[in-house]
Every structure is written in C-alpha cells, then in structure tokens.
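> Provided below: query_23.cif, containing mmCIF, C-alpha atoms.
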data_protein
loop_
_atom_site.label_atom_id
_atom_site.label_comp_id
_atom_site.auth_asym_id
_atom_site.auth_seq_id
_atom_site.Cartn_x
_atom_site.Cartn_y
_atom_site.Cartn_z
CA MET A 151 -20.53 8.81 -16.33
CA PHE A 152 -20.26 8.78 -12.53
CA GLY A 153 -17.09 10.28 -11.06
CA PRO A 154 -13.64 10.38 -12.67
CA ASP A 155 -12.68 7.71 -15.17
CA PRO A 156 -10.46 5.18 -13.30
CA LYS A 157 -8.64 4.50 -16.59
CA ASN A 158 -7.49 8.11 -16.77
CA LYS A 159 -3.94 8.36 -15.39
CA HIS A 160 -4.36 11.98 -14.28
CA PRO A 161 -7.93 12.49 -13.03
CA MET A 162 -7.47 16.13 -11.96
CA ALA A 163 -7.10 18.59 -14.80
CA GLY A 164 -4.08 20.78 -14.20
CA PHE A 165 -2.69 18.58 -11.43
CA PRO A 166 -0.25 16.13 -13.05
CA GLN A 167 1.21 15.24 -9.65
CA VAL A 168 -1.93 13.17 -8.89
CA CYS A 169 -2.00 9.87 -10.74
CA PHE A 170 -4.26 6.80 -10.67
CA ILE A 171 -1.35 4.36 -10.47
CA LYS A 172 -3.20 1.20 -11.45
CA ASN A 173 -2.79 2.46 -15.01
CA THR A 174 0.97 3.03 -14.80
CA VAL A 175 2.31 -0.10 -13.11
CA ASP A 176 3.63 -2.87 -15.36
CA ASN A 177 4.98 -5.28 -12.75
CA PRO A 178 2.55 -8.22 -12.40
CA ASN A 179 3.56 -8.57 -8.75
CA ILE A 180 2.26 -5.08 -7.93
CA ILE A 181 -1.53 -5.16 -7.78
CA ILE A 182 -3.39 -1.88 -7.28
CA GLY A 183 -7.12 -1.21 -7.01
CA ASP A 184 -9.24 1.32 -8.86
CA TYR A 185 -9.07 4.99 -7.83
CA THR A 186 -5.95 4.55 -5.71
CA TYR A 187 -3.69 7.52 -6.38
CA TYR A 188 -0.12 8.61 -5.79
CA ASP A 189 0.55 12.33 -5.28
CA ASP A 190 4.08 13.36 -6.24
CA PRO A 191 5.17 16.42 -8.25
CA GLU A 192 8.24 14.48 -9.37
CA ASP A 193 6.92 11.92 -11.87
CA SER A 194 3.86 10.49 -10.14
CA GLU A 195 3.46 7.96 -12.96
CA ASN A 196 6.68 6.19 -11.96
CA PHE A 197 5.31 4.79 -8.71
CA GLU A 198 7.27 1.56 -9.17
CA ARG A 199 10.48 3.34 -8.12
CA ASN A 200 9.02 3.42 -4.60
CA VAL A 201 8.83 -0.38 -4.42
CA LEU A 202 12.34 -1.38 -3.36
CA TYR A 203 14.24 -4.68 -3.58
CA HIS A 204 11.35 -6.28 -5.46
CA PHE A 205 13.05 -9.08 -7.37
CA PRO A 206 10.91 -11.33 -9.59
CA PHE A 207 12.69 -14.55 -8.54
CA ILE A 208 11.41 -14.06 -4.98
CA GLY A 209 7.80 -13.75 -6.11
CA ASP A 210 6.43 -11.58 -3.30
CA LYS A 211 3.58 -9.21 -4.11
CA LEU A 212 2.62 -5.69 -3.16
CA ILE A 213 -1.18 -5.49 -3.06
CA ILE A 214 -2.90 -2.13 -2.56
CA GLY A 215 -6.67 -1.86 -2.41
CA LYS A 216 -9.14 0.60 -3.89
CA PHE A 217 -9.57 4.28 -3.00
CA CYS A 218 -6.22 4.59 -1.24
CA ALA A 219 -4.42 7.94 -1.04
CA LEU A 220 -0.62 7.76 -1.13
CA ALA A 221 1.44 10.85 -0.42
CA ARG A 222 4.82 11.71 -1.88
CA GLY A 223 7.79 9.55 -0.92
CA VAL A 224 5.89 6.50 0.31
CA ASN A 225 8.24 3.50 0.13
CA PHE A 226 7.71 -0.23 0.33
CA ILE A 227 10.69 -2.45 1.19
CA MET A 228 10.14 -5.92 -0.20
CA ASN A 229 11.61 -9.28 0.76
CA GLY A 230 14.57 -8.94 -1.60
CA ALA A 231 16.18 -6.58 0.91
CA ASN A 232 16.64 -9.38 3.44
CA HIS A 233 20.06 -10.91 4.15
CA LYS A 234 20.78 -14.30 5.66
CA ILE A 235 21.04 -13.83 9.43
CA SER A 236 21.78 -17.38 10.64
CA GLY A 237 25.51 -17.17 9.92
CA ILE A 238 28.29 -15.13 11.52
CA SER A 239 28.29 -12.46 8.79
CA THR A 240 25.21 -10.96 7.16
CA TYR A 241 27.25 -9.62 4.20
CA PRO A 242 25.88 -10.88 0.83
CA PHE A 243 29.19 -12.11 -0.62
CA TYR A 244 27.43 -14.24 -3.22
CA ILE A 245 26.00 -11.34 -5.23
CA PHE A 246 29.49 -10.32 -6.41
CA GLY A 247 30.44 -13.62 -8.06
CA GLN A 248 34.14 -14.30 -8.73
CA GLY A 249 33.93 -17.48 -6.68
CA TRP A 250 31.90 -15.92 -3.88
CA GLU A 251 28.69 -17.22 -5.46
CA ASN A 252 29.61 -20.58 -3.89
CA VAL A 253 28.07 -19.38 -0.63
CA MET A 254 24.73 -18.52 -2.22
CA PRO A 255 22.12 -19.20 0.49
CA ALA A 256 19.18 -21.47 -0.20
CA THR A 257 15.86 -19.68 -0.55
CA GLU A 258 14.65 -21.05 2.77
CA GLU A 259 17.70 -19.55 4.53
CA LEU A 260 16.62 -16.00 3.65
CA PRO A 261 14.04 -14.28 5.85
CA TYR A 262 10.70 -14.16 4.04
CA LYS A 263 7.74 -12.22 5.40
CA GLY A 264 5.26 -12.85 2.58
CA ASP A 265 3.23 -10.36 0.56
CA THR A 266 2.70 -6.77 1.63
CA GLU A 267 -1.02 -5.98 1.65
CA ILE A 268 -2.69 -2.58 1.99
CA GLY A 269 -6.47 -2.60 2.47
CA ASN A 270 -9.05 -0.33 0.89
CA ASP A 271 -9.61 3.35 1.75
CA VAL A 272 -6.19 3.68 3.41
CA TRP A 273 -4.54 7.11 3.71
CA ILE A 274 -0.74 6.95 3.74
CA GLY A 275 1.18 10.07 4.73
CA TYR A 276 4.35 11.68 3.40
CA GLU A 277 7.44 9.44 3.33
CA ALA A 278 5.86 6.57 5.24
CA LEU A 279 7.97 3.41 5.04
CA PHE A 280 6.63 -0.15 5.01
CA MET A 281 8.72 -3.19 5.88
CA PRO A 282 8.19 -6.54 4.09
CA GLY A 283 5.06 -8.55 4.69
CA VAL A 284 3.00 -6.07 6.69
CA LYS A 285 -0.80 -6.14 6.45
CA ILE A 286 -2.73 -2.85 6.70
CA GLY A 287 -6.44 -2.98 7.48
CA HIS A 288 -9.18 -1.10 5.66
CA GLY A 289 -9.66 2.55 6.54
CA ALA A 290 -6.35 2.90 8.37
CA ILE A 291 -4.35 6.13 8.46
CA ILE A 292 -0.55 5.97 8.38
CA SER A 293 1.03 9.18 9.66
CA SER A 294 3.82 10.95 7.79
CA ARG A 295 7.28 9.36 8.13
CA SER A 296 5.95 6.37 10.01
CA VAL A 297 8.02 3.20 9.85
CA VAL A 298 5.52 0.35 9.66
CA THR A 299 7.12 -2.86 10.92
CA GLY A 300 3.98 -4.78 11.89
CA ASP A 301 0.36 -5.24 10.94
CA VAL A 302 -2.06 -2.34 11.35
CA PRO A 303 -5.70 -3.01 12.34
CA ALA A 304 -8.62 -1.69 10.33
CA TYR A 305 -9.50 1.97 10.96
CA ALA A 306 -6.47 2.50 13.21
CA ILE A 307 -4.37 5.67 13.11
CA VAL A 308 -0.70 4.85 13.55
CA GLY A 309 2.50 6.86 13.70
CA GLY A 310 6.12 6.78 14.82
CA ASN A 311 9.17 4.55 14.42
CA PRO A 312 8.19 1.82 14.81
CA ALA A 313 4.60 2.80 14.08
CA LYS A 314 2.21 2.34 17.00
CA VAL A 315 -1.55 2.72 17.25
CA ILE A 316 -2.40 6.28 18.31
CA ARG A 317 -6.13 5.68 18.36
CA TYR A 318 -8.96 4.06 16.44
CA ARG A 319 -11.21 6.10 14.19
CA PHE A 320 -14.34 4.27 15.37
CA ASP A 321 -15.38 1.81 18.05
CA ALA A 322 -15.16 -1.94 17.44
CA GLU A 323 -18.85 -2.35 16.61
CA THR A 324 -18.74 0.43 14.01
CA ILE A 325 -15.54 -0.94 12.46
CA ALA A 326 -17.22 -4.33 12.07
CA LYS A 327 -20.18 -2.68 10.33
CA LEU A 328 -17.92 -0.75 7.97
CA GLU A 329 -15.95 -3.84 7.04
CA ASP A 330 -19.21 -5.68 6.40
CA ILE A 331 -20.58 -2.85 4.23
CA ALA A 332 -17.33 -2.68 2.21
CA TRP A 333 -18.57 0.35 0.26
CA TRP A 334 -15.38 0.31 -1.86
CA ASN A 335 -16.71 -2.79 -3.61
CA TRP A 336 -19.98 -1.15 -4.63
CA PRO A 337 -20.53 -0.26 -8.30
CA VAL A 338 -19.27 3.27 -8.95
CA GLU A 339 -22.84 4.43 -9.69
CA LYS A 340 -23.92 3.37 -6.18
CA ILE A 341 -20.86 4.99 -4.64
CA SER A 342 -21.63 8.23 -6.48
CA ARG A 343 -25.25 8.21 -5.32
CA ASN A 344 -24.20 7.77 -1.71
CA LEU A 345 -21.09 9.94 -1.50
CA SER A 346 -22.65 12.28 1.04
CA LEU A 347 -23.10 9.32 3.40
CA ILE A 348 -19.68 7.80 2.69
CA VAL A 349 -17.97 11.04 3.70
CA SER A 350 -20.26 11.69 6.67
CA GLY A 351 -20.15 10.14 10.11
CA ASP A 352 -23.65 8.64 9.99
CA ILE A 353 -22.88 4.93 10.01
CA ASP A 354 -26.51 3.84 10.41
CA ALA A 355 -27.56 5.82 7.35
CA LEU A 356 -24.83 4.15 5.31
CA VAL A 357 -25.88 0.75 6.60
CA SER A 358 -29.45 1.44 5.49
CA CYS A 359 -28.42 1.83 1.85
CA ALA A 360 -25.86 -0.97 1.75
#
Render the structure in this file as structure tokens.

Amino acid sequence: MFGPDPKNKHPMAGFPQVCFIKNTVDNPNIIIGDYTYYDDPEDSENFERNVLYHFPFIGDKLIIGKFCALARGVNFIMNGANHKISGISTYPFYIFGQGWENVMPATEELPYKGDTEIGNDVWIGYEALFMPGVKIGHGAIISSRSVVTGDVPAYAIVGGNPAKVIRYRFDAETIAKLEDIAWWNWPVEKISRNLSLIVSGDIDALVSCA
C-alpha cells in the first residue's frame, strides 16, 4: 500500500476533523477527487452543508479536483441563490405560493453562471467564499476569508473581497510545465515514489520523471 487509503474517510488516526470528503458526499452534482480533504472540528463529514442554494432542478455542479486542502468554513454559493434582476423588484414572491407563484420566472430569466470548478492541488483557506460559476486553476492558493467572484488562474495566490491576484507561485513557463506534468493524475505508486520531488522546488527534476 502506498500512502493513505483514499477510501478511508478519516486518514489521520486521532484527527477526526480531517476527512476525505469524496467518501461522504451523496449529491451526484458534487464531484470530488481522490485525497481532497476538509478540515473542520465540527462534523467534517458533513461537507455538503457548505454548498449553499444547490437545488437539483437547476442542475449546476460543484467540481473539486484531487489533492485539494479545504479549511474550516469554506462555502460555495451555487446558482440557486440568484434572483431575477430584470424586473423592478428582485424579491422572490413566487416561492411563497398563495397566488404569488403566478410570477414564477422562466429559467432563462434567472442569472446562471454555470458549474463551479476547482482544479487539482488547490489550497483553500479558512472561511473562503466562492460565488457561482467560478473556475479555479490548478495549484492556486485562496487566502482565508477571500470572496472569490471571478476565475483564478493556475498557481495564483489570491486574497481579499473581491479576491485579487497577489502574486503567482511560479513564472509562466514553469506553470505551463506543471500543468503538462499533471502529477495529480499519476498512479498513487508513482506519486509516492516521487513525493520528495513533488514537494520540492526542482521543476526540472520532476519533469525528468514525468
């Protein structure tokens, strides 16, 4: 066996706040990669409570890649939170019935931003908030309490409200190499053999064993 078993909900003995959440999510519209964990001392297995306004009739997906690290209180707002904005009032009268359902908007009248997609090897800090439809590149770092309203490039470090790029972890040439290597898709045995390179800064050495 190489590394922790990705089918084990709690990979760290004595640390129930760390959970491989792929094994705990039942919603078919939440897709999570192997080894991605959520760290929360208050019921880390119930990650789905952090995915808000995610109604099945809308059909949007939350997709999180492999080897992502999610800190406590990370929240994803999905498209079900959106109200019609083309009329005078944005109040959702129709949800209360009693005759008000007659002004139910057509699906195309509601803002829709598409699926929310988090790449591989993304580190998301404490209480970061993601708005609907954002795309986060591989290797990005999202600072604590960031409000992510737009797409984040690969290997960017972002922070603030709204989140802005603080800097890039590597230069453009190196980022292209890392995305081409895509070590997160290697078999776990190969990852285990090359961990010292994956966690080092020697890009050329990692390229040589790709």
> Once the PyMOL selection byres ((chain A and resi 218-223) around 8) has been applied to the shown file, what residues remain in the selection, as a PDB file with C-alpha atoms, in the coordinates of the input?

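Okay, this is what ended up in out11.pdb:
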ATOM      1  CA  TYR A 185      -9.070   4.990  -7.830  1.00  0.00           C
ATOM      2  CA  THR A 186      -5.950   4.550  -5.710  1.00  0.00           C
ATOM      3  CA  TYR A 187      -3.690   7.520  -6.380  1.00  0.00           C
ATOM      4  CA  TYR A 188      -0.120   8.610  -5.790  1.00  0.00           C
ATOM      5  CA  ASP A 189       0.550  12.330  -5.280  1.00  0.00           C
ATOM      6  CA  ASP A 190       4.080  13.360  -6.240  1.00  0.00           C
ATOM      7  CA  PRO A 191       5.170  16.420  -8.250  1.00  0.00           C
ATOM      8  CA  ASN A 200       9.020   3.420  -4.600  1.00  0.00           C
ATOM      9  CA  ILE A 214      -2.900  -2.130  -2.560  1.00  0.00           C
ATOM     10  CA  GLY A 215      -6.670  -1.860  -2.410  1.00  0.00           C
ATOM     11  CA  LYS A 216      -9.140   0.600  -3.890  1.00  0.00           C
ATOM     12  CA  PHE A 217      -9.570   4.280  -3.000  1.00  0.00           C
ATOM     13  CA  VAL A 224       5.890   6.500   0.310  1.00  0.00           C
ATOM     14  CA  ASN A 225       8.240   3.500   0.130  1.00  0.00           C
ATOM     15  CA  ASN A 270      -9.050  -0.330   0.890  1.00  0.00           C
ATOM     16  CA  ASP A 271      -9.610   3.350   1.750  1.00  0.00           C
ATOM     17  CA  VAL A 272      -6.190   3.680   3.410  1.00  0.00           C
ATOM     18  CA  TRP A 273      -4.540   7.110   3.710  1.00  0.00           C
ATOM     19  CA  ILE A 274      -0.740   6.950   3.740  1.00  0.00           C
ATOM     20  CA  GLY A 275       1.180  10.070   4.730  1.00  0.00           C
ATOM     21  CA  TYR A 276       4.350  11.680   3.400  1.00  0.00           C
ATOM     22  CA  GLU A 277       7.440   9.440   3.330  1.00  0.00           C
ATOM     23  CA  ALA A 278       5.860   6.570   5.240  1.00  0.00           C
TER      24      ALA A 278
END
> Identify which of the residues A:Leu356, A:Leu279, A:Ile268, A:Ile227 lies closest to Asp301 of chain A, counting all atoms listed in the file when measuring atom-to-atom distances.
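Result for the nearest residue to Asp301 of chain A: A:Ile268.
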> From the set A:Glu195, A:Glu259, A:Asp176, A:Asp265, which residue has the shortest atom-to-atom contact distance to Gly237 of chain A, counting only C-alpha atoms?
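Going through A:Glu195, A:Glu259, A:Asp176, A:Asp265 one by one, the smallest distance to Gly237 of chain A is for A:Glu259.
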> Could you tell me which residues the PyMOL selection byres ((chain A and resi 312-327) around 9) returns for this structure, as a ChimeraX atom specification?
/A:289-293,296-300,302-311,328-332,353,357
> Pick out the closest residue to Gly264 of chain A from this set: A:Ile238, A:Lys211, A:Gly249, A:His288. Count all atoms listed in the file.
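For Gly264 of chain A, the nearest of the candidates is A:Lys211.
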> Kindly give the distance, in Å, that separates atom CA of Glu258 of chain A and atom CA of Tyr241 of chain A, rounded to a single decimal.
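Separating atom CA of Glu258 of chain A from atom CA of Tyr241 of chain A is a distance of 17.1 Å.
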> Padding 3 Å on each side, edges along x, y and z: where is the centre of the box around the listed atoms of segment 279-285 of chain A, and how long are its edges in Å to one decimal? Output it as lines of an AutoDock Vina configuration file.

center_x = 4.0
center_y = -2.6
center_z = 5.4
size_x = 15.5
size_y = 18.0
size_z = 8.6
> Model the absent atoms of segment 206-237 of chain A so that N, CA and C atoms are present, and write the result as a tab-separated table (two decimals), in the coordinates of the input.

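This is the output file result_25.tsv:
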chain	number	residue	atom	x	y	z
A	206	PRO	N	11.92	-10.38	-9.11
A	206	PRO	CA	10.91	-11.33	-9.59
A	206	PRO	C	11.16	-12.77	-9.15
A	207	PHE	N	12.42	-13.16	-8.92
A	207	PHE	CA	12.69	-14.55	-8.54
A	207	PHE	C	12.20	-14.86	-7.13
A	208	ILE	N	11.93	-13.83	-6.34
A	208	ILE	CA	11.41	-14.06	-4.98
A	208	ILE	C	9.90	-14.28	-5.04
A	209	GLY	N	9.22	-13.51	-5.87
A	209	GLY	CA	7.80	-13.75	-6.11
A	209	GLY	C	6.84	-13.08	-5.14
A	210	ASP	N	7.34	-12.24	-4.23
A	210	ASP	CA	6.43	-11.58	-3.30
A	210	ASP	C	5.65	-10.48	-4.02
A	211	LYS	N	4.48	-10.18	-3.49
A	211	LYS	CA	3.58	-9.21	-4.11
A	211	LYS	C	3.35	-8.00	-3.20
A	212	LEU	N	3.15	-6.86	-3.84
A	212	LEU	CA	2.62	-5.69	-3.16
A	212	LEU	C	1.19	-5.52	-3.65
A	213	ILE	N	0.24	-5.58	-2.72
A	213	ILE	CA	-1.18	-5.49	-3.06
A	213	ILE	C	-1.76	-4.28	-2.34
A	214	ILE	N	-2.29	-3.34	-3.12
A	214	ILE	CA	-2.90	-2.13	-2.56
A	214	ILE	C	-4.35	-2.08	-3.02
A	215	GLY	N	-5.25	-1.84	-2.11
A	215	GLY	CA	-6.67	-1.86	-2.41
A	215	GLY	C	-7.17	-0.64	-3.17
A	216	LYS	N	-8.47	-0.49	-3.18
A	216	LYS	CA	-9.14	0.60	-3.89
A	216	LYS	C	-9.22	1.86	-3.01
A	217	PHE	N	-9.32	2.99	-3.66
A	217	PHE	CA	-9.57	4.28	-3.00
A	217	PHE	C	-8.53	4.60	-1.92
A	218	CYS	N	-7.29	4.23	-2.16
A	218	CYS	CA	-6.22	4.59	-1.24
A	218	CYS	C	-5.54	5.88	-1.70
A	219	ALA	N	-5.09	6.67	-0.76
A	219	ALA	CA	-4.42	7.94	-1.04
A	219	ALA	C	-2.99	7.86	-0.53
A	220	LEU	N	-2.03	7.90	-1.46
A	220	LEU	CA	-0.62	7.76	-1.13
A	220	LEU	C	0.10	9.08	-1.36
A	221	ALA	N	0.72	9.59	-0.31
A	221	ALA	CA	1.44	10.85	-0.42
A	221	ALA	C	2.85	10.63	-0.96
A	222	ARG	N	3.48	11.72	-1.30
A	222	ARG	CA	4.82	11.71	-1.88
A	222	ARG	C	5.82	10.97	-0.99
A	223	GLY	N	6.69	10.19	-1.63
A	223	GLY	CA	7.79	9.55	-0.92
A	223	GLY	C	7.45	8.30	-0.15
A	224	VAL	N	6.24	7.76	-0.33
A	224	VAL	CA	5.89	6.50	0.31
A	224	VAL	C	6.78	5.40	-0.26
A	225	ASN	N	7.36	4.57	0.59
A	225	ASN	CA	8.24	3.50	0.13
A	225	ASN	C	7.86	2.16	0.73
A	226	PHE	N	7.99	1.14	-0.10
A	226	PHE	CA	7.71	-0.23	0.33
A	226	PHE	C	8.99	-1.05	0.15
A	227	ILE	N	9.54	-1.56	1.25
A	227	ILE	CA	10.69	-2.45	1.19
A	227	ILE	C	10.17	-3.88	1.08
A	228	MET	N	10.63	-4.57	0.04
A	228	MET	CA	10.14	-5.92	-0.20
A	228	MET	C	11.16	-6.96	0.30
A	229	ASN	N	10.81	-8.21	0.17
A	229	ASN	CA	11.61	-9.28	0.76
A	229	ASN	C	13.01	-9.41	0.19
A	230	GLY	N	13.25	-8.86	-1.01
A	230	GLY	CA	14.57	-8.94	-1.60
A	230	GLY	C	15.63	-8.17	-0.84
A	231	ALA	N	15.21	-7.34	0.11
A	231	ALA	CA	16.18	-6.58	0.91
A	231	ALA	C	16.79	-7.43	2.02
A	232	ASN	N	16.20	-8.59	2.30
A	232	ASN	CA	16.64	-9.38	3.44
A	232	ASN	C	17.96	-10.09	3.18
A	233	HIS	N	18.80	-10.17	4.18
A	233	HIS	CA	20.06	-10.91	4.15
A	233	HIS	C	19.93	-12.13	5.06
A	234	LYS	N	20.72	-13.14	4.78
A	234	LYS	CA	20.78	-14.30	5.66
A	234	LYS	C	21.32	-13.87	7.02
A	235	ILE	N	20.63	-14.27	8.09
A	235	ILE	CA	21.04	-13.83	9.43
A	235	ILE	C	21.45	-14.99	10.33
A	236	SER	N	21.46	-16.23	9.79
A	236	SER	CA	21.78	-17.38	10.64
A	236	SER	C	23.27	-17.64	10.74
A	237	GLY	N	24.06	-16.99	9.87
A	237	GLY	CA	25.51	-17.17	9.92
A	237	GLY	C	26.20	-16.09	10.73
